[in-house]
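Reviewing the structure listed below.
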Amino acid sequence: MLNTAIPLSLREKLDFLPALTSVALTVVWAMFSGLWRSKKYPKSWLLHVGYAIFRKATTRMSIAQMQYIMPPSNKVYDLYVRKAKKTADTIDLGHGGLGHWVGDRNAENVLVWFHGGGFALPSNLGYFEFFSQLIAESNKSGKSLAVFALTYTLSPHAVYPTQLRQAVAAVRYVLEKTGRPAHRVLLGGDSAGGNLVGGVLSHLAHPHPEIDPVPVSDLLAGAVMIAPWTFLEADFSEQEIDSRGDLITPAVAGPWSRAYLGTSKRDYYTDLSTAPTDWYTTFPVKKILVTAGGAEILLPIVQDFVGKLKEGFPEVELCVGEREGHVAPIYNLYIGDRTETAQGKRVKTWLRETI
């Protein structure tokens with residue numbers, strides 16, 4: 001099932017111009033206010049403006065309006081290969097999912113990546129620039145790496161467990177169709193994609209009743225979770241949350257989680273943070289890297305998750321980037337700020353150490 005824009009309701013059509021006007025006014029204000037921002041805000045003026053735009057757009061606009069103006073992930077991949085003067089290499093995974101090769105598909109090691117966006121928003125060119133950096137850095141150290149990026153069906157076009165089934169299909173393809181042993185395969189994901197990393201590891205250890213199992217006779221090389229959204233709580237009204245240094249606000253939690261879940265109930269696959277300790281002990285992976293931004297609103301959730309995960313799976317590392325926002329290694333590139341982030345730097349060194 002390819003992602004197409006959800007038909008806009010009459011109200012959403014009438015609201016489109018006011019919504020865009022609201023975002024435009026935010027741009028103007030952010031450009032001026034960024035000149036005297038405090039340390040509560042992003043490090044650079046460009047990030048200050050970019051984060052403000054994303055906060056306003058995701059808060060002010062509906063999922064349908066956002067999807068209407070954003071190309072689906074497979075089209076973003078096509079744009080990337082055209083700009084990079086490369087050849088597109090896309091695999092139909094079945095179940096509505098597509099897998100895209102970045103780098104040499106014959107590389108010794110493969111990082112299977114699930115993008116974020118609250119399950120409702122597509123990937124962007126920042127992802128593919130990040131993948132290219134990971135591949136280049138690995139090559140410099142004599143390590144052969146390719147990325148296999150998943151296009152999954154966005155919500156509410158499909159709901160849980162569709163996206164998890166598609167993520168499992170991507171891993172199944174790499175393990176079974178390319179002939180690579182598990183110790184040459186890594187998982188990676190950011191935000192909602194980090195949720196899928198946890199869901200896939202959970203499925204490998206405890207097969208989901210609605211998804212075919214994937215037999216794994218060896219441990220995966222590793223898993224990277226950038227700002228994983230592992231707790232789909234929607235009500236943060238009793239908490240005081242400062243979003244000034246981040247690109248998302250608590251306002252998106254409710255619409256995005258409801259669109260993803262549909263009529264399904266939350267469980268350990270959707271909310272890995274709620275799983276008991278023994279759920280983690282049989283995860284078939286050698287080690288896990290979790291990163292988060294020091295200024296992002298998900299930091300307490302990520303820290304709590306890592307604390308619980310370590311009780312059942314000790315080989316976990318947490319890297320927190322000071323004054324960095326949500327998924328900074330990727331979204332900063334998308335915005336145009338190419339300053340190395342602490343999180344991105346650690347992902348690169350961790351990969352060199354792991355593969």
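Following the order of the structure tokens, chains are lettered A, B, ..., residues in each are numbered from 1, and ligands are numbered from 1.
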
query: If you run DSSP on the backbone, which residues of range 226-343 of chain A are strand (DSSP E), as a ChimeraX atom specification?
result: /A:226,288-293,316-321

- request: Write down as a PyMOL selection string the residues belonging to range 81-190 of chain A that are assigned alpha helix (DSSP H) by DSSP computed on the backbone.
  value: chain A and resi 81-83+125-140+162-172

Using only C-alpha atoms, determine which residues lie at most 7 Å from range 322-324 of chain A, disregarding the query and same-chain residues fewer than 4 positions distant; provide the list as an mmCIF file with C-alpha atoms, in the first residue's frame.
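The result, stored in out-v7.cif:
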data_model
loop_
_atom_site.group_PDB
_atom_site.id
_atom_site.type_symbol
_atom_site.label_atom_id
_atom_site.label_comp_id
_atom_site.auth_asym_id
_atom_site.auth_seq_id
_atom_site.Cartn_x
_atom_site.Cartn_y
_atom_site.Cartn_z
ATOM 1 C CA PRO A 42 18.959 25.597 19.845
ATOM 2 C CA LYS A 43 22.661 26.355 19.438
ATOM 3 C CA GLY A 293 19.185 15.211 22.791
ATOM 4 C CA GLY A 294 19.750 17.043 26.033
ATOM 5 C CA ALA A 295 17.098 19.606 25.043
ATOM 6 C CA GLU A 296 14.456 17.247 23.700
ATOM 7 C CA ALA A 328 19.308 16.087 15.742
#

Close residues, range 59-67 of chain A itself excluded, 9 Å, only C-alpha atoms, min 3 positions apart in chain, as a CSV table (one decimal) with N, CA, C and O atoms, in the first residue's frame:
chain,number,residue,atom,x,y,z
A,3,ASN,N,1.9,5.2,0.1
A,3,ASN,CA,1.3,6.3,0.8
A,3,ASN,C,0.9,7.4,-0.2
A,3,ASN,O,1.7,7.9,-0.9
A,4,THR,N,-0.4,7.7,-0.2
A,4,THR,CA,-0.9,8.8,-0.9
A,4,THR,C,-1.5,9.8,0.1
A,4,THR,O,-1.9,9.4,1.2
A,5,ALA,N,-1.6,11.0,-0.3
A,5,ALA,CA,-2.2,12.0,0.6
A,5,ALA,C,-3.6,11.7,1.0
A,5,ALA,O,-4.4,11.3,0.2
A,6,ILE,N,-3.9,11.8,2.3
A,6,ILE,CA,-5.3,11.6,2.7
A,6,ILE,C,-6.1,12.7,2.2
A,6,ILE,O,-5.7,13.9,2.2
A,7,PRO,N,-7.3,12.4,1.6
A,7,PRO,CA,-8.2,13.5,1.1
A,7,PRO,C,-8.5,14.5,2.2
A,7,PRO,O,-8.8,14.1,3.4
A,8,LEU,N,-8.3,15.7,1.9
A,8,LEU,CA,-8.5,16.8,2.9
A,8,LEU,C,-10.0,17.0,3.1
A,8,LEU,O,-10.8,17.0,2.1
A,9,SER,N,-10.5,17.1,4.3
A,9,SER,CA,-11.9,17.5,4.6
A,9,SER,C,-12.1,18.9,4.1
A,9,SER,O,-11.1,19.7,3.9
A,12,GLU,N,-10.4,21.2,6.5
A,12,GLU,CA,-8.9,21.2,6.3
A,12,GLU,C,-8.5,22.0,5.1
A,12,GLU,O,-7.5,22.7,5.1
A,13,LYS,N,-9.3,21.9,4.0
A,13,LYS,CA,-9.1,22.7,2.8
A,13,LYS,C,-9.2,24.2,3.1
A,13,LYS,O,-8.4,25.0,2.7
A,15,ASP,N,-8.9,25.6,5.9
A,15,ASP,CA,-7.9,26.0,7.0
A,15,ASP,C,-6.5,26.0,6.4
A,15,ASP,O,-5.6,26.5,7.1
A,16,PHE,N,-6.3,25.5,5.2
A,16,PHE,CA,-4.9,25.4,4.7
A,16,PHE,C,-4.2,26.7,4.6
A,16,PHE,O,-3.1,26.9,5.1
A,19,ALA,N,-3.4,28.1,8.1
A,19,ALA,CA,-2.4,27.4,8.7
A,19,ALA,C,-1.0,27.7,8.1
A,19,ALA,O,-0.1,27.9,8.9
A,20,LEU,N,-0.9,27.9,6.8
A,20,LEU,CA,0.3,28.3,6.2
A,20,LEU,C,0.7,29.7,6.6
A,20,LEU,O,1.9,30.0,6.8
A,22,SER,N,0.0,31.1,9.5
A,22,SER,CA,0.5,31.0,10.8
A,22,SER,C,1.9,30.5,10.9
A,22,SER,O,2.8,31.0,11.6
A,23,VAL,N,2.3,29.5,10.0
A,23,VAL,CA,3.6,29.1,10.0
A,23,VAL,C,4.6,30.2,9.4
A,23,VAL,O,5.7,30.3,10.0
A,54,PHE,N,9.1,23.7,12.5
A,54,PHE,CA,8.6,22.4,12.7
A,54,PHE,C,7.6,22.3,13.8
A,54,PHE,O,6.6,21.6,13.8
A,55,ARG,N,7.9,22.9,15.0
A,55,ARG,CA,7.0,22.9,16.1
A,55,ARG,C,5.6,23.5,15.7
A,55,ARG,O,4.6,22.9,16.0
A,56,LYS,N,5.7,24.6,15.0
A,56,LYS,CA,4.4,25.3,14.6
A,56,LYS,C,3.6,24.4,13.6
A,56,LYS,O,2.4,24.2,13.8
A,70,MET,N,4.0,17.0,2.0
A,70,MET,CA,5.3,16.3,2.1
A,70,MET,C,5.3,15.0,1.2
A,70,MET,O,4.3,14.2,1.3
A,71,PRO,N,6.3,14.9,0.3
A,71,PRO,CA,6.3,13.7,-0.5
A,71,PRO,C,6.5,12.4,0.3
A,71,PRO,O,7.2,12.4,1.3
A,72,PRO,N,6.0,11.3,-0.1
A,72,PRO,CA,6.2,10.0,0.6
A,72,PRO,C,7.7,9.6,0.5
A,72,PRO,O,8.4,10.0,-0.3
A,120,ALA,N,3.4,9.0,11.2
A,120,ALA,CA,2.5,9.7,10.3
A,120,ALA,C,3.2,10.6,9.3
A,120,ALA,O,2.6,10.9,8.3
A,121,LEU,N,4.5,10.9,9.5
A,121,LEU,CA,5.2,11.7,8.5
A,121,LEU,C,6.3,10.9,7.8
A,121,LEU,O,6.9,10.0,8.4
A,122,PRO,N,6.6,11.2,6.5
A,122,PRO,CA,7.6,10.5,5.8
A,122,PRO,C,9.0,10.9,6.2
A,122,PRO,O,9.2,11.8,7.0
A,155,SER,N,0.5,6.1,9.0
A,155,SER,CA,-0.8,6.1,9.6
A,155,SER,C,-1.4,7.5,9.2
A,155,SER,O,-0.7,8.5,9.0
A,156,PRO,N,-2.7,7.5,9.1
A,156,PRO,CA,-3.7,6.5,9.4
A,156,PRO,C,-4.1,5.6,8.1
A,156,PRO,O,-5.1,4.9,8.2
A,248,ILE,N,9.7,19.3,18.4
A,248,ILE,CA,8.4,18.8,18.6
A,248,ILE,C,7.9,19.3,20.0
A,248,ILE,O,8.6,19.7,20.8
A,249,THR,N,6.6,19.2,20.1
A,249,THR,CA,5.9,19.5,21.4
A,249,THR,C,5.0,18.4,21.8
A,249,THR,O,4.7,17.5,21.1
A,250,PRO,N,4.6,18.4,23.1
A,250,PRO,CA,3.7,17.3,23.6
A,250,PRO,C,2.4,17.2,22.8
A,250,PRO,O,1.7,16.2,22.9
A,251,ALA,N,2.0,18.3,22.1
A,251,ALA,CA,0.8,18.3,21.4
A,251,ALA,C,0.7,17.3,20.3
A,251,ALA,O,-0.5,16.9,19.9
A,252,VAL,N,1.8,16.8,19.8
A,252,VAL,CA,1.7,15.8,18.7
A,252,VAL,C,1.5,14.4,19.2
A,252,VAL,O,1.1,13.5,18.4
A,255,PRO,N,-2.5,13.0,18.7
A,255,PRO,CA,-2.9,12.7,17.3
A,255,PRO,C,-2.1,11.6,16.7
A,255,PRO,O,-2.6,10.7,16.0
A,256,TRP,N,-0.7,11.6,16.9
A,256,TRP,CA,0.1,10.7,16.2
A,256,TRP,C,-0.1,9.3,16.8
A,256,TRP,O,-0.1,8.3,16.0
A,259,ALA,N,-3.5,7.9,15.7
A,259,ALA,CA,-3.5,7.5,14.3
A,259,ALA,C,-2.8,6.2,14.0
A,259,ALA,O,-3.2,5.4,13.2

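Residues in contact with Val214 in chain A at 12 Å, where only C-alpha atoms are counted and same-chain residues fewer than 6 positions away are skipped, are listed as Arg165, Ala167, Val168, Ala169, Ala170, Val171, Arg172, Tyr173, Val174, Leu175, Glu176, Ala182, Val200, Leu201, Ser202, His203, Leu204, Ala205, His206, Pro207, His208 and Pro284 of chain A.
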
- prompt: Within 8 Å of range 97-111 of chain A, counting only C-alpha atoms, which residues qualify if same-chain residues fewer than 4 places away don't, as number ranges by chain?
  reply: A: 1-2, 74, 77, 88-93, 128, 131-132, 135, 144-153, 166-167, 169-170, 174, 180, 184-188, 355

message: Just want the 9 Å neighbourhood of range 31-40 of chain A, counted on only C-alpha atoms, with same-chain residues fewer than 2 positions away dropped. Output as a PyMOL selection string.
response: chain A and resi 26-29+42-46+48-49+242-245+295+323

Go ahead and dump the residues you just picked, C-alpha atoms, as a PDB file, in the first residue's frame.
ATOM      1  CA  THR A  26       6.347  31.962  13.009  1.00  0.00           C
ATOM      2  CA  VAL A  27       9.222  32.084  10.507  1.00  0.00           C
ATOM      3  CA  VAL A  28       9.358  35.875  10.689  1.00  0.00           C
ATOM      4  CA  TRP A  29       9.236  35.939  14.481  1.00  0.00           C
ATOM      5  CA  PRO A  42      18.959  25.597  19.845  1.00  0.00           C
ATOM      6  CA  LYS A  43      22.661  26.355  19.438  1.00  0.00           C
ATOM      7  CA  SER A  44      22.513  28.000  16.009  1.00  0.00           C
ATOM      8  CA  TRP A  45      20.236  30.646  14.556  1.00  0.00           C
ATOM      9  CA  LEU A  46      19.383  28.345  11.647  1.00  0.00           C
ATOM     10  CA  HIS A  48      16.311  28.041  16.076  1.00  0.00           C
ATOM     11  CA  VAL A  49      14.309  29.034  13.000  1.00  0.00           C
ATOM     12  CA  ASP A 242       9.874  23.020  27.969  1.00  0.00           C
ATOM     13  CA  SER A 243       9.848  22.589  24.176  1.00  0.00           C
ATOM     14  CA  ARG A 244      11.903  25.661  23.295  1.00  0.00           C
ATOM     15  CA  GLY A 245      15.042  23.722  22.445  1.00  0.00           C
ATOM     16  CA  ALA A 295      17.098  19.606  25.043  1.00  0.00           C
ATOM     17  CA  ARG A 323      21.589  21.228  23.781  1.00  0.00           C
TER      18      ARG A 323
END

message: Please compute the CA of Lys75 in chain A-CA of Ile335 in chain A distance, one decimal, in Å.
response: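 Distance between the two atoms: 18.6 Å.
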
- prompt: Any idea what the distance is between CA of Val320 in chain A and CA of Leu299 in chain A?
  reply: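 That distance, rounded to one decimal, is 8.5 Å.
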
message: Using only C-alpha atoms for the distances, tell me which of A:Ala57, A:Ala52, A:Leu196, A:Val112 is nearest to Thr270 in chain A.
response: A:Leu196
